[in-house]
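> If you scroll down you'll find the structure; I have some questions about it.
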Amino acid sequence: MAERKPIESWLTDMDGVLIHEGTPIPGADAFIKRLRESGKPFLVLTNNSIYTPRDLQARLSRMGLAVPVENIWTSALATAKFLDDQRPGGTAYVIGEAGLTTALHDIGYVLTDHEPDYVVLGETRTYSFEAMTKAVRLINAGARFICTNPDETGPSTEGPLPATGAVAALITKATGKQPYFAGKPNPLMMRTGLNAIGAHSETSAMIGDRMDTDVLAGLEAGMQTFLVLTGLTTEQDTERFPYRPTKTVASIADLVDLV
């Protein structure tokens, strides 16, 4: 097997890798500090489309993690980049929060419920039956169905919450139309992120806590992959998948010396 090239850039998931339920994971601060000192390109990724990069920067900063806005990449940004490439200056009916609406405004999209080019579904804590009904009718009338990510549940202090993928399944059932998912595990999110920091997959690594999104997306984008065991996936879980990470480690603290 060909020898891997040295890692020159890093992509890392946020929840389950750097933070967990609002607190930093031990070693996360040292990892981010080492990355910034090294000068290597890096991105902190999240499939969550609720928050803007500026929101996330402030959230991470309160936890002692100094991540610049330009080093944060969300499924909302990946979705906006995809739509800008596909249909510049288009229109969309959006179910989501500021992270998604801001990203679409920034590429010049008009948000409307009048014959939109797309219905774009993202994360929100207040999914309404009225909004879902409108989305179903617009898709049946010809709007293309886009979804920021396929995550079926999201974390909360009280337990799992229904997330974008679950609501997408409801709309699909009502319309017979499958959405295009822009976020992980679609390698599109990785490739657009790599392009944003001028990095190449052959010399990049992806760190994540989920085999079915983080590791799969990194693998399909041609990157080295590191699975950390501080999130949803256990070491035993990895045996259930037909693919493997490049390496499994206990936590982000074990990767500081690789930067």
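Simple scheme: letters A, B, ... for chains in structure tokens order, numbers from 1 for residues in each chain, numbers from 1 for ligands in the order shown.
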Quick one: DSSP strand (DSSP E or B) residues in stretch 19-234 of chain A, as a PyMOL selection string?
chain A and resi 19-20+23-24+42-46+72-74+91-95+110-111+118-121+144-147+153-154+161-162+180-181+204-208+224-228
> Env of A:Val249: 9 Å cut, atoms = only C-alpha atoms, seq-sep filter 2 positions within chain, self excluded. Answer as a VMD selection string.
chain A and resid 226 to 229 247 251 to 255
> Using the selection just defined, write its residues with all heavy atoms as a PDB file, in the first residue's frame.

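File out.pdb, as written:
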```
ATOM      1  N   PHE A 226      -9.460  10.014  11.544  1.00  0.00           N
ATOM      2  CA  PHE A 226      -9.205   9.665  12.939  1.00  0.00           C
ATOM      3  C   PHE A 226     -10.536   9.637  13.683  1.00  0.00           C
ATOM      4  O   PHE A 226     -11.272  10.630  13.684  1.00  0.00           O
ATOM      5  CB  PHE A 226      -8.267  10.680  13.589  1.00  0.00           C
ATOM      6  CG  PHE A 226      -6.864  10.650  13.038  1.00  0.00           C
ATOM      7  CD1 PHE A 226      -6.522  11.438  11.950  1.00  0.00           C
ATOM      8  CD2 PHE A 226      -5.898   9.827  13.602  1.00  0.00           C
ATOM      9  CE1 PHE A 226      -5.238  11.408  11.424  1.00  0.00           C
ATOM     10  CE2 PHE A 226      -4.611   9.800  13.093  1.00  0.00           C
ATOM     11  CZ  PHE A 226      -4.274  10.590  12.002  1.00  0.00           C
ATOM     12  N   LEU A 227     -10.828   8.512  14.304  1.00  0.00           N
ATOM     13  CA  LEU A 227     -12.033   8.379  15.117  1.00  0.00           C
ATOM     14  C   LEU A 227     -11.672   8.569  16.579  1.00  0.00           C
ATOM     15  O   LEU A 227     -10.771   7.898  17.096  1.00  0.00           O
ATOM     16  CB  LEU A 227     -12.664   6.997  14.928  1.00  0.00           C
ATOM     17  CG  LEU A 227     -13.896   6.709  15.797  1.00  0.00           C
ATOM     18  CD1 LEU A 227     -15.100   7.505  15.301  1.00  0.00           C
ATOM     19  CD2 LEU A 227     -14.218   5.212  15.815  1.00  0.00           C
ATOM     20  N   VAL A 228     -12.354   9.493  17.261  1.00  0.00           N
ATOM     21  CA  VAL A 228     -12.175   9.673  18.706  1.00  0.00           C
ATOM     22  C   VAL A 228     -13.363   9.031  19.421  1.00  0.00           C
ATOM     23  O   VAL A 228     -14.479   8.996  18.887  1.00  0.00           O
ATOM     24  CB  VAL A 228     -12.046  11.166  19.105  1.00  0.00           C
ATOM     25  CG1 VAL A 228     -10.798  11.777  18.488  1.00  0.00           C
ATOM     26  CG2 VAL A 228     -13.280  11.961  18.697  1.00  0.00           C
ATOM     27  N   LEU A 229     -13.128   8.541  20.618  1.00  0.00           N
ATOM     28  CA  LEU A 229     -14.144   7.787  21.353  1.00  0.00           C
ATOM     29  C   LEU A 229     -14.815   8.623  22.446  1.00  0.00           C
ATOM     30  O   LEU A 229     -15.288   8.083  23.445  1.00  0.00           O
ATOM     31  CB  LEU A 229     -13.520   6.526  21.947  1.00  0.00           C
ATOM     32  CG  LEU A 229     -12.869   5.593  20.922  1.00  0.00           C
ATOM     33  CD1 LEU A 229     -12.192   4.406  21.610  1.00  0.00           C
ATOM     34  CD2 LEU A 229     -13.889   5.098  19.891  1.00  0.00           C
ATOM     35  N   LYS A 247      -7.135   5.570  11.943  1.00  0.00           N
ATOM     36  CA  LYS A 247      -6.702   5.280  13.313  1.00  0.00           C
ATOM     37  C   LYS A 247      -7.811   5.645  14.283  1.00  0.00           C
ATOM     38  O   LYS A 247      -8.533   6.619  14.072  1.00  0.00           O
ATOM     39  CB  LYS A 247      -5.425   6.068  13.646  1.00  0.00           C
ATOM     40  CG  LYS A 247      -4.772   5.665  14.960  1.00  0.00           C
ATOM     41  CD  LYS A 247      -3.449   6.400  15.161  1.00  0.00           C
ATOM     42  CE  LYS A 247      -2.775   5.943  16.455  1.00  0.00           C
ATOM     43  NZ  LYS A 247      -1.486   6.648  16.677  1.00  0.00           N
ATOM     44  N   SER A 251      -9.149  10.188  22.510  1.00  0.00           N
ATOM     45  CA  SER A 251      -9.683  11.549  22.468  1.00  0.00           C
ATOM     46  C   SER A 251      -8.771  12.448  21.644  1.00  0.00           C
ATOM     47  O   SER A 251      -7.685  12.042  21.217  1.00  0.00           O
ATOM     48  CB  SER A 251      -9.815  12.125  23.872  1.00  0.00           C
ATOM     49  OG  SER A 251      -8.556  12.531  24.367  1.00  0.00           O
ATOM     50  N   ILE A 252      -9.203  13.678  21.459  1.00  0.00           N
ATOM     51  CA  ILE A 252      -8.449  14.678  20.703  1.00  0.00           C
ATOM     52  C   ILE A 252      -7.079  14.920  21.328  1.00  0.00           C
ATOM     53  O   ILE A 252      -6.112  15.282  20.633  1.00  0.00           O
ATOM     54  CB  ILE A 252      -9.262  15.997  20.619  1.00  0.00           C
ATOM     55  CG1 ILE A 252      -8.646  16.984  19.629  1.00  0.00           C
ATOM     56  CG2 ILE A 252      -9.419  16.653  21.984  1.00  0.00           C
ATOM     57  CD1 ILE A 252      -8.921  16.658  18.195  1.00  0.00           C
ATOM     58  N   ALA A 253      -6.957  14.694  22.643  1.00  0.00           N
ATOM     59  CA  ALA A 253      -5.674  14.897  23.326  1.00  0.00           C
ATOM     60  C   ALA A 253      -4.574  14.009  22.730  1.00  0.00           C
ATOM     61  O   ALA A 253      -3.398  14.380  22.742  1.00  0.00           O
ATOM     62  CB  ALA A 253      -5.827  14.606  24.823  1.00  0.00           C
ATOM     63  N   ASP A 254      -4.973  12.855  22.174  1.00  0.00           N
ATOM     64  CA  ASP A 254      -3.997  11.924  21.607  1.00  0.00           C
ATOM     65  C   ASP A 254      -3.479  12.365  20.244  1.00  0.00           C
ATOM     66  O   ASP A 254      -2.558  11.738  19.698  1.00  0.00           O
ATOM     67  CB  ASP A 254      -4.625  10.536  21.470  1.00  0.00           C
ATOM     68  CG  ASP A 254      -5.027   9.951  22.806  1.00  0.00           C
ATOM     69  OD1 ASP A 254      -4.180   9.912  23.719  1.00  0.00           O
ATOM     70  OD2 ASP A 254      -6.203   9.546  22.947  1.00  0.00           O
ATOM     71  N   LEU A 255      -4.050  13.433  19.687  1.00  0.00           N
ATOM     72  CA  LEU A 255      -3.646  13.880  18.350  1.00  0.00           C
ATOM     73  C   LEU A 255      -2.832  15.173  18.356  1.00  0.00           C
ATOM     74  O   LEU A 255      -2.351  15.606  17.315  1.00  0.00           O
ATOM     75  CB  LEU A 255      -4.897  14.064  17.474  1.00  0.00           C
ATOM     76  CG  LEU A 255      -5.751  12.800  17.264  1.00  0.00           C
ATOM     77  CD1 LEU A 255      -7.005  13.139  16.473  1.00  0.00           C
ATOM     78  CD2 LEU A 255      -4.943  11.720  16.562  1.00  0.00           C
TER      79      LEU A 255
END
```
> Contacts of A:Ser201 at 12 Å or less, counting only C-alpha atoms, minus same-chain residues fewer than 2 places along, as an NGL selection string?
:A and (4-11 or 187-188 or 190-195 or 197-199 or 203-206 or 217-225)
> Please provide as a PDB file with C-alpha atoms, in the first residue's frame all residues within 12 Å of A:Asp237, with the sequence filter that same-chain residues fewer than 5 positions apart are discarded (counting only C-alpha atoms).

```pdb
ATOM      1  CA  ASP A 209     -16.693  10.855  16.651  1.00  0.00           C
ATOM      2  CA  ARG A 210     -19.114   9.171  14.219  1.00  0.00           C
ATOM      3  CA  MET A 211     -18.357   6.403  11.753  1.00  0.00           C
ATOM      4  CA  ASP A 212     -21.466   7.041   9.638  1.00  0.00           C
ATOM      5  CA  LEU A 227     -12.033   8.379  15.117  1.00  0.00           C
ATOM      6  CA  LEU A 229     -14.144   7.787  21.353  1.00  0.00           C
ATOM      7  CA  GLY A 231     -18.728  11.029  21.281  1.00  0.00           C
ATOM      8  CA  LEU A 232     -21.343   8.642  19.953  1.00  0.00           C
ATOM      9  CA  PRO A 242     -17.597  -2.182   6.252  1.00  0.00           C
ATOM     10  CA  TYR A 243     -14.941   0.563   6.408  1.00  0.00           C
ATOM     11  CA  ARG A 244     -12.457   1.616   9.062  1.00  0.00           C
ATOM     12  CA  THR A 248      -8.885   5.155  16.428  1.00  0.00           C
TER      13      THR A 248
END
```
> Which residues are close to A:His114, i.e. within 10 Å by only C-alpha atoms, leaving aside same-chain residues fewer than 3 positions away? Reply as a PyMOL selection string.
chain A and resi 91-93+111+117+138
> Go ahead and write the selection's residues with N, CA and C atoms as a PDB file, in the first residue's frame.

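Result file selection39.pdb:
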```pdb
ATOM      1  N   THR A  91     -33.868  31.438  -5.751  1.00  0.00           N
ATOM      2  CA  THR A  91     -34.829  31.711  -4.683  1.00  0.00           C
ATOM      3  C   THR A  91     -35.065  30.439  -3.887  1.00  0.00           C
ATOM      4  N   ALA A  92     -35.424  30.615  -2.615  1.00  0.00           N
ATOM      5  CA  ALA A  92     -35.621  29.448  -1.766  1.00  0.00           C
ATOM      6  C   ALA A  92     -36.640  29.715  -0.681  1.00  0.00           C
ATOM      7  N   TYR A  93     -37.411  28.676  -0.374  1.00  0.00           N
ATOM      8  CA  TYR A  93     -38.235  28.677   0.831  1.00  0.00           C
ATOM      9  C   TYR A  93     -37.446  27.923   1.891  1.00  0.00           C
ATOM     10  N   LEU A 111     -35.268  34.836  -0.260  1.00  0.00           N
ATOM     11  CA  LEU A 111     -36.053  33.862   0.494  1.00  0.00           C
ATOM     12  C   LEU A 111     -37.534  34.180   0.313  1.00  0.00           C
ATOM     13  N   ASP A 117     -37.194  28.312  -6.294  1.00  0.00           N
ATOM     14  CA  ASP A 117     -36.411  27.294  -7.000  1.00  0.00           C
ATOM     15  C   ASP A 117     -36.191  26.077  -6.104  1.00  0.00           C
ATOM     16  N   LEU A 138     -45.007  23.156  -1.864  1.00  0.00           N
ATOM     17  CA  LEU A 138     -44.066  23.781  -2.811  1.00  0.00           C
ATOM     18  C   LEU A 138     -43.265  22.730  -3.574  1.00  0.00           C
TER      19      LEU A 138
END
```
> In terms of the shortest atom-to-atom distance over only C-alpha atoms, which of A:Asn149, A:Thr133, A:Thr12, A:Thr124 is closest to A:Leu161?
A:Thr124
> Report the distance between atom CA of A:Glu123 and atom CA of A:Arg144 in Å, rounded to one decimal place.
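Calculated distance between atom CA of A:Glu123 and atom CA of A:Arg144 is 18.0 Å.
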> Going by DSSP on the backbone, which residues of stretch 136-259 of chain A come out as helix (DSSP H, G or I)? List them as number ranges by chain.
A: 136-140, 164-175, 187-196, 201-203, 211-220, 237-240, 252-258
> Please determine, counting only C-alpha atoms, which residue among A:Val259, A:Leu216, A:Val119, A:Val110 has the shortest atom-to-atom distance to A:Pro245.
A:Leu216
> I'd like the neighbourhood of A:Pro150 as a PyMOL selection string, where a residue qualifies if any of its atoms comes within 10 Å (using only C-alpha atoms), though same-chain residues fewer than 5 positions away should be ignored.
chain A and resi 47+122+163-169+179-186+213
> Go through A:Leu43, A:Ile19, A:Ile32, A:Val136 and flag the residue nearest A:Arg59, using only C-alpha atoms for the distances.
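The answer is A:Ile19, which sits nearest to A:Arg59.
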> Report, in Å with one decimal, the straight-line distance from atom CA of A:Val94 to atom CA of A:Gly159.
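Between atom CA of A:Val94 and atom CA of A:Gly159 the gap works out to 26.3 Å.
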